[in-house]
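The structure file upload_17.tsv is reproduced below (TSV, C-alpha atoms and all ligand atoms).
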chain	number	residue	atom	x	y	z
S	1	MET	CA	-19.41	142.30	-68.25
S	2	ASN	CA	-20.78	143.06	-64.80
S	3	ILE	CA	-19.22	142.14	-61.50
S	4	LYS	CA	-22.09	141.38	-59.15
S	5	ASN	CA	-20.18	141.02	-55.94
S	6	LEU	CA	-16.72	140.93	-54.50
S	7	TYR	CA	-15.60	139.16	-51.37
S	8	LEU	CA	-12.31	139.98	-49.67
S	9	LYS	CA	-10.69	138.09	-46.87
S	10	ASN	CA	-7.43	139.20	-45.30
S	11	PHE	CA	-6.73	141.24	-48.39
S	12	ARG	CA	-4.69	144.39	-47.66
S	13	ASN	CA	-6.48	146.21	-44.84
S	14	TYR	CA	-9.70	144.20	-45.20
S	15	ALA	CA	-10.36	141.48	-42.61
S	16	GLU	CA	-13.55	140.32	-44.29
S	17	GLU	CA	-15.93	142.29	-46.47
S	18	THR	CA	-18.47	141.77	-49.24
S	19	PHE	CA	-19.25	144.38	-51.88
S	20	SER	CA	-22.34	144.41	-54.08
S	21	PHE	CA	-21.94	146.25	-57.33
S	22	ASP	CA	-24.44	147.70	-59.80
S	23	GLY	CA	-24.11	147.46	-63.54
S	24	GLY	CA	-23.49	151.20	-63.79
S	25	LEU	CA	-21.45	153.50	-61.66
S	26	ASN	CA	-20.22	152.29	-58.26
S	27	VAL	CA	-18.59	154.90	-56.12
S	28	LEU	CA	-16.26	153.95	-53.30
S	29	TYR	CA	-15.74	157.01	-51.19
S	30	GLY	CA	-14.11	157.85	-47.92
S	31	LYS	CA	-11.07	159.49	-46.35
S	32	ASN	CA	-7.54	158.71	-47.39
S	33	ALA	CA	-5.89	155.38	-46.55
S	34	GLN	CA	-9.18	153.60	-45.78
S	35	GLY	CA	-9.11	150.87	-48.42
S	36	LYS	CA	-10.70	152.34	-51.56
S	37	THR	CA	-7.75	151.64	-53.84
S	38	ASN	CA	-7.27	148.27	-52.17
S	39	CYS	CA	-10.74	147.25	-53.29
S	40	ALA	CA	-10.10	148.56	-56.82
S	41	GLU	CA	-6.85	146.63	-56.86
S	42	ALA	CA	-8.60	143.39	-55.88
S	43	VAL	CA	-11.02	143.76	-58.78
S	44	PHE	CA	-8.20	144.27	-61.27
S	45	TYR	CA	-6.30	141.34	-59.81
S	46	LEU	CA	-9.19	139.03	-60.68
S	47	CYS	CA	-9.24	140.46	-64.21
S	48	THR	CA	-5.55	140.05	-64.99
S	49	GLY	CA	-3.84	138.06	-62.25
S	50	THR	CA	-1.65	141.05	-61.50
S	51	SER	CA	-1.88	144.04	-59.25
S	52	PRO	CA	-1.59	147.48	-60.81
S	53	ARG	CA	0.73	148.51	-57.98
S	54	ALA	CA	2.08	145.65	-55.88
S	55	LYS	CA	5.28	143.98	-57.03
S	56	LYS	CA	4.97	141.03	-54.67
S	57	GLU	CA	1.90	138.99	-53.73
S	58	LYS	CA	2.96	139.24	-50.10
S	59	GLN	CA	1.99	142.92	-50.04
S	60	LEU	CA	-1.59	141.89	-50.78
S	61	ILE	CA	-1.92	139.74	-47.68
S	62	ARG	CA	-3.20	141.44	-44.59
S	63	THR	CA	-0.38	142.08	-42.16
S	64	GLY	CA	-0.10	139.21	-39.70
S	65	GLU	CA	-2.08	136.75	-41.86
S	66	ASP	CA	-0.85	133.84	-43.99
S	67	ALA	CA	-3.18	134.12	-46.94
S	68	ALA	CA	-5.61	136.42	-48.69
S	69	LEU	CA	-8.72	135.48	-50.61
S	70	ILE	CA	-10.42	137.47	-53.35
S	71	ARG	CA	-13.61	136.18	-54.91
S	72	ALA	CA	-15.99	137.71	-57.40
S	73	GLU	CA	-19.05	136.67	-59.33
S	74	ALA	CA	-19.62	138.31	-62.65
S	75	GLU	CA	-22.11	138.06	-65.45
S	76	GLY	CA	-21.41	138.63	-69.09
S	77	ARG	CA	-22.75	137.65	-72.46
S	78	PHE	CA	-21.45	134.11	-72.04
S	79	GLY	CA	-23.16	133.62	-68.71
S	80	SER	CA	-21.86	133.88	-65.21
S	81	VAL	CA	-18.40	133.24	-63.90
S	82	ARG	CA	-16.93	132.92	-60.43
S	83	ILE	CA	-13.29	133.72	-59.92
S	84	GLU	CA	-11.36	133.07	-56.74
S	85	ALA	CA	-7.77	133.80	-55.92
S	86	ASP	CA	-6.05	132.32	-52.88
S	87	ILE	CA	-2.91	134.32	-52.38
S	88	TYR	CA	-0.03	133.06	-50.28
S	89	GLU	CA	3.36	134.58	-49.72
S	90	ASN	CA	5.11	132.57	-52.42
S	91	ARG	CA	2.33	131.06	-54.47
S	92	ARG	CA	-1.27	131.42	-55.36
S	93	GLU	CA	-4.17	129.40	-56.58
S	94	ILE	CA	-6.73	130.82	-58.95
S	95	ARG	CA	-9.99	129.08	-59.70
S	96	VAL	CA	-12.46	129.80	-62.45
S	97	ASN	CA	-15.89	128.37	-61.67
S	98	GLY	CA	-14.25	126.17	-59.06
S	99	MET	CA	-11.63	124.77	-61.47
S	100	LYS	CA	-8.04	125.44	-60.59
S	101	ILE	CA	-6.20	127.04	-63.49
S	102	GLY	CA	-2.69	126.01	-64.41
S	103	LYS	CA	-1.45	129.20	-65.98
S	104	ASN	CA	-2.34	132.86	-65.91
S	105	ALA	CA	-3.37	132.77	-69.59
S	106	ASP	CA	-6.45	130.81	-68.50
S	107	LEU	CA	-7.58	133.61	-66.23
S	108	LEU	CA	-7.42	136.26	-68.93
S	109	GLY	CA	-10.58	137.06	-70.81
S	110	ASN	CA	-12.94	135.93	-68.07
S	111	ILE	CA	-13.47	139.39	-66.62
S	112	ASP	CA	-11.92	142.10	-68.75
S	113	GLY	CA	-10.75	145.16	-66.86
S	114	VAL	CA	-9.39	148.60	-67.61
S	115	PHE	CA	-7.62	150.38	-64.79
S	116	PHE	CA	-6.98	154.08	-64.68
S	117	SER	CA	-5.35	156.08	-61.89
S	118	PRO	CA	-3.30	159.28	-61.69
S	119	SER	CA	-0.11	157.23	-61.91
S	120	GLU	CA	-1.16	156.14	-65.41
S	121	LEU	CA	0.17	159.51	-66.52
S	122	ARG	CA	3.39	157.56	-66.81
S	123	LEU	CA	1.87	156.12	-69.95
S	124	VAL	CA	2.36	159.48	-71.61
S	125	GLN	CA	5.24	160.97	-69.66
S	126	ASP	CA	7.61	158.13	-68.90
S	127	GLY	CA	9.82	155.93	-71.04
S	128	PRO	CA	8.75	153.25	-73.54
S	129	ASP	CA	8.34	150.61	-70.79
S	130	GLU	CA	5.07	152.15	-69.70
S	131	ARG	CA	3.62	152.22	-73.19
S	132	ARG	CA	4.60	148.61	-73.77
S	133	ARG	CA	3.02	147.72	-70.45
S	134	PHE	CA	-0.19	149.45	-71.55
S	135	MET	CA	-0.27	147.41	-74.76
S	136	ASN	CA	0.69	144.19	-73.00
S	137	VAL	CA	-1.95	144.43	-70.27
S	138	SER	CA	-4.64	145.35	-72.75
S	139	VAL	CA	-3.85	143.02	-75.64
S	140	SER	CA	-3.15	140.09	-73.31
S	141	GLN	CA	-6.71	140.28	-72.06
S	142	MET	CA	-7.99	140.34	-75.62
S	143	SER	CA	-5.76	137.57	-76.94
S	144	LYS	CA	-4.47	134.49	-75.14
S	145	SER	CA	-2.07	133.79	-78.00
S	146	TYR	CA	-0.55	137.24	-77.51
S	147	TYR	CA	-0.08	136.66	-73.80
S	148	THR	CA	1.42	133.23	-74.36
S	149	ALA	CA	3.77	134.59	-77.03
S	150	LEU	CA	4.81	137.36	-74.67
S	151	VAL	CA	5.62	134.96	-71.84
S	152	ARG	CA	7.63	132.68	-74.15
S	153	TYR	CA	9.36	135.57	-75.88
S	154	ASN	CA	10.52	136.96	-72.54
S	155	LYS	CA	11.77	133.57	-71.45
S	156	ILE	CA	13.80	133.03	-74.62
S	157	LEU	CA	15.04	136.59	-74.46
S	158	GLU	CA	16.35	135.97	-70.97
S	159	GLN	CA	18.22	132.89	-72.14
S	160	ARG	CA	19.50	134.70	-75.21
S	161	ASN	CA	20.82	137.53	-73.06
S	162	ALA	CA	22.52	135.08	-70.73
S	163	LEU	CA	24.15	133.47	-73.74
S	164	LEU	CA	25.34	136.86	-75.02
S	165	LYS	CA	27.33	137.30	-71.83
S	166	ASN	CA	29.27	134.12	-72.56
S	167	ARG	CA	32.93	134.81	-73.38
S	168	ASP	CA	33.12	132.08	-76.00
S	169	ALA	CA	32.05	134.16	-79.02
S	170	GLU	CA	32.21	131.21	-81.38
S	171	LEU	CA	29.81	129.20	-79.26
S	172	VAL	CA	27.51	132.19	-78.98
S	173	LEU	CA	27.38	132.76	-82.73
S	174	GLU	CA	26.65	129.09	-83.27
S	175	THR	CA	23.84	128.98	-80.73
S	176	LEU	CA	22.07	132.27	-81.46
S	177	PRO	CA	20.28	131.10	-84.62
S	178	VAL	CA	18.69	128.30	-82.62
S	179	TRP	CA	17.16	130.75	-80.16
S	180	ASP	CA	16.28	133.25	-82.85
S	181	ALA	CA	14.08	130.93	-84.85
S	182	GLN	CA	11.75	130.73	-81.84
S	183	LEU	CA	12.28	134.32	-80.80
S	184	SER	CA	11.22	135.61	-84.22
S	185	ARG	CA	8.09	133.51	-84.22
S	186	TYR	CA	6.88	134.89	-80.89
S	187	ALA	CA	8.07	138.37	-81.78
S	188	ALA	CA	5.95	138.30	-84.94
S	189	GLU	CA	2.84	137.44	-82.94
S	190	ILE	CA	3.56	140.32	-80.55
S	191	VAL	CA	4.26	142.83	-83.30
S	192	LEU	CA	1.24	141.79	-85.33
S	193	LYS	CA	-1.22	142.00	-82.44
S	194	ARG	CA	0.18	145.30	-81.23
S	195	GLN	CA	-0.09	146.78	-84.70
S	196	GLU	CA	-3.73	145.71	-84.96
S	197	PHE	CA	-4.41	147.12	-81.51
S	198	ILE	CA	-2.84	150.50	-82.29
S	199	ALA	CA	-4.55	150.70	-85.68
S	200	ASP	CA	-7.91	150.24	-83.92
S	201	LEU	CA	-7.05	152.39	-80.93
S	202	ALA	CA	-5.56	155.47	-82.58
S	203	PRO	CA	-8.64	156.85	-84.35
S	204	ILE	CA	-10.90	156.29	-81.34
S	205	ALA	CA	-8.36	157.85	-78.96
S	206	ALA	CA	-8.16	160.87	-81.29
S	207	GLU	CA	-11.93	161.15	-81.33
S	208	ARG	CA	-12.24	160.84	-77.52
S	209	HIS	CA	-9.45	163.36	-77.10
S	210	ALA	CA	-11.22	165.84	-79.38
S	211	PHE	CA	-14.35	165.39	-77.28
S	212	LEU	CA	-12.49	165.94	-74.00
S	213	THR	CA	-10.74	169.07	-75.27
S	214	ASP	CA	-13.66	170.44	-77.32
S	215	GLY	CA	-11.58	169.93	-80.41
S	216	ALA	CA	-8.88	172.27	-79.19
S	217	GLU	CA	-6.10	169.71	-79.56
S	218	THR	CA	-5.33	166.69	-81.68
S	219	LEU	CA	-4.00	163.40	-80.38
S	220	GLU	CA	-2.03	160.95	-82.49
S	221	VAL	CA	-0.84	157.52	-81.42
S	222	ILE	CA	1.71	156.00	-83.74
S	223	ALA	CA	3.77	152.84	-83.51
S	224	GLU	CA	7.39	153.93	-83.75
S	225	LYS	CA	8.25	151.02	-85.94
S	226	LYS	CA	5.92	149.56	-88.52
S	227	TYR	CA	6.16	146.23	-90.25
S	228	ALA	CA	4.34	145.71	-93.51
S	229	GLY	CA	2.94	142.41	-94.67
S	230	GLY	CA	1.49	139.36	-93.01
S	231	ARG	CA	2.74	137.18	-90.21
S	232	GLU	CA	5.35	135.31	-92.25
S	233	GLU	CA	6.81	138.44	-93.72
S	234	ILE	CA	7.00	140.09	-90.31
S	235	GLU	CA	8.61	137.00	-88.83
S	236	ARG	CA	11.20	136.97	-91.60
S	237	LYS	CA	11.99	140.66	-91.11
S	238	LEU	CA	12.36	140.22	-87.38
S	239	ALA	CA	14.66	137.22	-87.90
S	240	GLU	CA	16.76	139.38	-90.20
S	241	GLU	CA	16.93	142.13	-87.61
S	242	PHE	CA	18.03	139.72	-84.91
S	243	ALA	CA	20.66	138.21	-87.21
S	244	ALA	CA	21.94	141.62	-88.32
S	245	GLY	CA	22.45	142.57	-84.66
S	246	TYR	CA	24.71	139.67	-83.62
S	247	GLU	CA	27.93	141.70	-83.41
S	248	ARG	CA	26.25	144.56	-81.59
S	249	ASP	CA	24.39	142.29	-79.17
S	250	LEU	CA	27.57	140.39	-78.44
S	251	ARG	CA	29.36	143.63	-77.67
S	252	LEU	CA	26.53	144.95	-75.49
S	253	GLY	CA	25.80	141.64	-73.81
S	254	PHE	CA	22.06	141.88	-74.43
S	255	THR	CA	19.49	141.88	-77.21
S	256	ALA	CA	19.14	145.44	-78.45
S	257	CYS	CA	16.27	145.00	-80.90
S	258	GLY	CA	12.87	143.33	-80.93
S	259	PRO	CA	9.41	144.06	-79.55
S	260	HIS	CA	10.80	144.43	-76.02
S	261	ARG	CA	12.37	147.67	-77.27
S	262	ASP	CA	9.46	149.04	-79.32
S	263	ASP	CA	7.72	152.26	-78.48
S	264	LEU	CA	4.63	154.26	-79.27
S	265	LYS	CA	4.69	157.90	-80.17
S	266	ILE	CA	2.03	159.99	-78.52
S	267	LEU	CA	1.65	163.36	-80.20
S	268	ILE	CA	-0.48	166.24	-78.99
S	269	GLY	CA	-0.92	168.96	-81.57
S	270	GLY	CA	1.86	167.30	-83.55
S	271	GLU	CA	4.39	167.53	-80.71
S	272	GLU	CA	5.65	164.64	-78.67
S	273	ALA	CA	3.61	164.69	-75.46
S	274	ARG	CA	6.37	163.06	-73.44
S	275	VAL	CA	8.75	165.94	-74.15
S	276	TYR	CA	6.54	168.96	-74.69
S	277	GLY	CA	3.25	168.15	-73.02
S	278	SER	CA	2.02	169.74	-69.82
S	279	GLN	CA	0.74	167.69	-66.89
S	280	GLY	CA	-2.83	168.52	-67.87
S	281	GLN	CA	-2.27	167.53	-71.48
S	282	ALA	CA	-0.71	164.25	-70.45
S	283	ARG	CA	-3.69	163.53	-68.19
S	284	THR	CA	-6.20	164.16	-70.96
S	285	ALA	CA	-4.21	162.10	-73.45
S	286	ALA	CA	-3.94	159.18	-71.02
S	287	LEU	CA	-7.65	159.37	-70.34
S	288	ALA	CA	-8.44	159.41	-74.07
S	289	LEU	CA	-6.30	156.30	-74.53
S	290	LYS	CA	-8.10	154.48	-71.74
S	291	LEU	CA	-11.52	155.47	-73.04
S	292	ALA	CA	-10.50	154.23	-76.48
S	293	GLU	CA	-9.34	150.98	-74.89
S	294	LEU	CA	-12.89	150.45	-73.61
S	295	GLU	CA	-14.21	150.65	-77.13
S	296	ILE	CA	-11.68	148.16	-78.47
S	297	PHE	CA	-12.74	145.67	-75.80
S	298	LYS	CA	-16.36	146.30	-76.71
S	299	ALA	CA	-15.67	145.76	-80.41
S	300	ARG	CA	-13.65	142.59	-79.89
S	301	ALA	CA	-15.32	140.93	-76.92
S	302	GLY	CA	-18.82	142.15	-77.70
S	303	GLU	CA	-19.18	143.87	-74.35
S	304	TYR	CA	-17.52	146.52	-72.28
S	305	PRO	CA	-14.92	145.58	-69.70
S	306	VAL	CA	-15.17	146.67	-66.09
S	307	LEU	CA	-13.71	150.13	-65.76
S	308	ILE	CA	-11.79	150.98	-62.62
S	309	LEU	CA	-11.21	154.68	-62.07
S	310	ASP	CA	-9.01	155.13	-59.05
S	311	ASP	CA	-8.85	158.68	-57.77
S	312	VAL	CA	-8.98	160.29	-61.18
S	313	MET	CA	-11.87	162.68	-60.68
S	314	SER	CA	-10.06	165.00	-58.31
S	315	GLU	CA	-7.44	165.60	-60.97
S	316	LEU	CA	-9.90	166.66	-63.65
S	317	ASP	CA	-11.63	169.99	-64.01
S	318	LEU	CA	-15.43	170.09	-63.89
S	319	PRO	CA	-16.09	170.04	-67.63
S	320	ARG	CA	-13.82	167.03	-68.03
S	321	ARG	CA	-15.48	165.18	-65.18
S	322	ARG	CA	-18.81	165.63	-66.89
S	323	LYS	CA	-17.37	164.51	-70.19
S	324	LEU	CA	-15.77	161.47	-68.67
S	325	LEU	CA	-19.08	160.45	-67.13
S	326	ALA	CA	-20.76	161.00	-70.49
S	327	CYS	CA	-18.29	158.60	-72.14
S	328	ILE	CA	-18.88	155.74	-69.71
S	329	GLY	CA	-22.66	155.58	-69.72
S	330	GLY	CA	-22.97	151.88	-70.53
S	331	VAL	CA	-19.84	150.72	-68.74
S	332	GLN	CA	-19.76	149.13	-65.30
S	333	THR	CA	-17.47	151.42	-63.40
S	334	ILE	CA	-15.82	151.21	-60.01
S	335	LEU	CA	-14.75	154.68	-59.10
S	336	THR	CA	-12.91	155.77	-55.99
S	337	CYS	CA	-12.87	159.30	-54.63
S	338	THR	CA	-12.83	161.21	-51.38
S	339	HIS	CA	-15.97	163.29	-51.95
S	340	ALA	CA	-18.70	161.46	-53.82
S	341	GLU	CA	-20.98	164.46	-54.25
S	342	LYS	CA	-18.31	166.41	-56.10
S	343	VAL	CA	-17.94	163.90	-58.88
S	344	LEU	CA	-21.47	162.81	-59.50
S	345	PHE	CA	-23.57	165.86	-60.18
S	346	GLY	CA	-26.60	164.28	-58.59
S	347	LYS	CA	-26.43	161.06	-60.65
S	348	THR	CA	-27.99	158.04	-59.02
S	349	VAL	CA	-25.27	155.58	-58.33
S	350	ASN	CA	-24.30	152.82	-55.97
S	351	LYS	CA	-22.45	154.67	-53.24
S	352	ILE	CA	-20.25	152.69	-50.89
S	353	ARG	CA	-18.55	154.39	-47.99
S	354	ILE	CA	-15.24	152.89	-46.95
S	355	SER	CA	-13.63	153.41	-43.59
S	356	GLY	CA	-10.84	151.46	-41.93
S	357	GLY	CA	-10.95	148.49	-44.31
S	358	ALA	CA	-14.71	148.03	-44.08
S	359	ILE	CA	-17.94	149.30	-45.58
S	360	ARG	CA	-19.76	151.80	-43.40
S	361	ARG	CA	-23.38	150.89	-43.70
T	401	LIG	N1	-0.97	144.11	-46.56
T	401	LIG	C1	-1.61	145.02	-45.82
T	401	LIG	N2	-2.08	144.71	-44.58
T	401	LIG	C2	-2.73	145.62	-43.85
T	401	LIG	N3	-2.97	146.87	-44.22
T	401	LIG	C3	-2.54	147.25	-45.44
T	401	LIG	C4	-1.84	146.35	-46.30
T	401	LIG	N4	-1.53	146.99	-47.45
T	401	LIG	C5	-2.02	148.24	-47.30
T	401	LIG	N5	-2.62	148.40	-46.11
T	401	LIG	C6	-3.25	149.61	-45.59
T	401	LIG	O1	-4.25	150.04	-46.47
T	401	LIG	C7	-4.38	151.44	-46.36
T	401	LIG	C8	-4.36	152.08	-47.72
T	401	LIG	O2	-5.45	151.67	-48.42
T	401	LIG	P1	-5.82	152.32	-49.80
T	401	LIG	O3	-6.86	151.46	-50.39
T	401	LIG	O4	-4.61	152.57	-50.61
T	401	LIG	O5	-6.40	153.72	-49.34
T	401	LIG	P2	-7.37	154.73	-50.07
T	401	LIG	O6	-8.69	154.60	-49.38
T	401	LIG	O7	-6.76	156.06	-49.80
T	401	LIG	O8	-7.40	154.38	-51.50
T	401	LIG	C9	-3.22	151.96	-45.56
T	401	LIG	O9	-3.69	152.28	-44.28
T	401	LIG	C10	-2.30	150.77	-45.53
T	401	LIG	O10	-1.55	150.74	-44.35
T	402	MG	MG	-6.45	155.45	-53.05
How would this structure read if it were set down as structure tokens?
Amino acid sequence: MNIKNLYLKNFRNYAEETFSFDGGLNVLYGKNAQGKTNCAEAVFYLCTGTSPRAKKEKQLIRTGEDAALIRAEAEGRFGSVRIEADIYENRREIRVNGMKIGKNADLLGNIDGVFFSPSELRLVQDGPDERRRFMNVSVSQMSKSYYTALVRYNKILEQRNALLKNRDAELVLETLPVWDAQLSRYAAEIVLKRQEFIADLAPIAAERHAFLTDGAETLEVIAEKKYAGGREEIERKLAEEFAAGYERDLRLGFTACGPHRDDLKILIGGEEARVYGSQGQARTAALALKLAELEIFKARAGEYPVLILDDVMSELDLPRRRKLLACIGGVQTILTCTHAEKVLFGKTVNKIRISGGAIRR
């Protein structure tokens, strides 16, 4: 998948700008706070319908304006696609080839994207939320049914949790099985797809990690909880788990088991990276995971996603920079940095200088 061009209007600190991208490495460079990450963010927004950093759409709209527009044209193995997002304070409209889409699921899979920035260290160092987010963002792009299951699961979960706060225990116990039949079905889809994803990801991440560390360290990625069997068996097991937790959930006032509580174990040299790992180890592990993610996209979608590397080069030592570049040879990459010459080692690339929310030509 190649993004040919990107048009921004009243997006963040951009009044109006058009970017042309190459199929290889595109380097956005310039001083701090000029708009490099903003551009990277816009690209990812068209991939997933979410920003990697903004919580509210309003933040994306240029101060003093009512609406932002992001538009990109991309070309992949299924032909070309044009995606536009009109972003307003409290709503948005996304169009794919001019057709308004009704739900975010219909955006996913048009332009696949992998985003990596220094804050992705959270993936290794923070709590389980971050690792679930990693799986959700990635697998959702690969599978509409996963994304849809996730949205529905979360909705039912919310209702289930509201019910658990009801004082009428008898009513709660009567109603729970109704919710749980649906909950288990969506949970099974989530668990199944995550398991497949991790099974594919783990060996490649280990291999990339060995390459990045010259074989000095091993990386293991393991699902904390594993369910054997096919979809029906998993669904039955999950239903049993939900049912077995009624008393506990009632006491706690929320649902204490299910895929919204699952975690991944990330081990470096056999030790849990979250607890024992250094900053540098976490960085390399996170990078290995992201590089592996590229390969899963390639295997499943038949082509690489767009890779967005925001500010990661400055955090890597020279050998790792070279290795990273070696791993992304065939991948369209949008890379931001402050000093282009320090990351590129004389490679010919599409260099774009950003200053004050505009390209300096
Ligand atoms: N909604 C917005 N309207 C106007 N300016 C914004 C908005 N959001 C962020 N900015 C500005 O964008 C700049 C940061 O851009 P960013 O892309 O993060 O910088 P960098 O080039 O360092 O990656 C800051 O000057 C910030 O004030
Ligand atoms: Mg930045």
Glu65 of chain S environment, 12 Å, only C-alpha atoms, sequence neighbours closer than 6 positions dropped, as a count of residues only:
12
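Taking atom CA of Asn90 of chain S and atom CA of Ile61 of chain S as the two end points, the separation is 11.1 Å.
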Any idea what the distance is between atom CA of Glu170 of chain S and atom CA of Tyr153 of chain S?
23.9 Å
Residue list as a ChimeraX atom specification for point (6.4, 151.3, -85.5), cut-off 8 Å, all atoms listed in the file
/S:195,222-227,262-264
Pick out the residues sitting within 10 Å of Asp112 of chain S, and hand them over as a PDB file with C-alpha atoms, keeping the file's coordinate frame; count all atoms listed in the file, and ignore anything fewer than 5 positions along from it in its own chain.
ATOM      1  CA  MET S   1     -19.410 142.300 -68.250  1.00  0.00           C
ATOM      2  CA  ASN S   2     -20.780 143.060 -64.800  1.00  0.00           C
ATOM      3  CA  PHE S  44      -8.200 144.270 -61.270  1.00  0.00           C
ATOM      4  CA  LEU S  46      -9.190 139.030 -60.680  1.00  0.00           C
ATOM      5  CA  CYS S  47      -9.240 140.460 -64.210  1.00  0.00           C
ATOM      6  CA  THR S  48      -5.550 140.050 -64.990  1.00  0.00           C
ATOM      7  CA  LEU S 107      -7.580 133.610 -66.230  1.00  0.00           C
ATOM      8  CA  SER S 138      -4.640 145.350 -72.750  1.00  0.00           C
ATOM      9  CA  GLN S 141      -6.710 140.280 -72.060  1.00  0.00           C
ATOM     10  CA  MET S 142      -7.990 140.340 -75.620  1.00  0.00           C
ATOM     11  CA  LEU S 294     -12.890 150.450 -73.610  1.00  0.00           C
ATOM     12  CA  PHE S 297     -12.740 145.670 -75.800  1.00  0.00           C
ATOM     13  CA  ALA S 301     -15.320 140.930 -76.920  1.00  0.00           C
ATOM     14  CA  GLU S 303     -19.180 143.870 -74.350  1.00  0.00           C
ATOM     15  CA  TYR S 304     -17.520 146.520 -72.280  1.00  0.00           C
ATOM     16  CA  PRO S 305     -14.920 145.580 -69.700  1.00  0.00           C
ATOM     17  CA  VAL S 306     -15.170 146.670 -66.090  1.00  0.00           C
ATOM     18  CA  LEU S 307     -13.710 150.130 -65.760  1.00  0.00           C
TER      19      LEU S 307
END
At most 9 Å from ligand MG 402 (chain T) (all atoms listed in the file): residue list as a ChimeraX atom specification
/S:32-38,40,117,310-311,336-338
When you look at Gly302 of chain S with a cut-off of 10 Å (counting all atoms listed in the file), what residues show up, excluding the ones that are within fewer than 4 positions of it in the same chain? I need them as a PyMOL selection string.
chain S and resi 1+76-77+295-298
Between atom CA of Gly64 of chain S and atom CA of Glu17 of chain S, distance in Å (one decimal):
17.5 Å
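Across S:Lys55, S:Arg261, S:Arg160, S:His209, the tightest approach to Arg283 of chain S is made by S:His209 when counting all atoms listed in the file.
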I need the residue nearest Ser140 of chain S from this list: S:Ala206, S:Leu28, S:Ala169, S:Ala105. Use all atoms listed in the file for the distance.
S:Ala105
Shell around Ile190 of chain S at 10 Å using all atoms listed in the file, local window under 5 positions removed, as a ChimeraX atom specification:
/S:135-136,139-140,145-150,153,184-185,195,258-260
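Distances from S:Val349, S:Leu324, S:Ala282, S:Leu335 to ligand LIG 401 (chain T) were compared using only C-alpha atoms and all ligand atoms, and the smallest one belongs to S:Leu335.
Nearest to Arg274 of chain S of all the residues S:Gly24, S:Pro118, S:Pro52, S:Pro128 is S:Pro128, based on all atoms listed in the file.
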What lies within 10 Å of Arg322 of chain S using only C-alpha atoms, ignoring chain neighbours under 3 positions off, as an MDAnalysis selection string?
chainID S and resid 212 313 316:319 325:327 343:345
Taking into account only C-alpha atoms and all ligand atoms, which residue in the set S:Ala42, S:Ser20, S:Lys155, S:Lys4 is nearest to ligand LIG 401 (chain T)?
S:Ala42
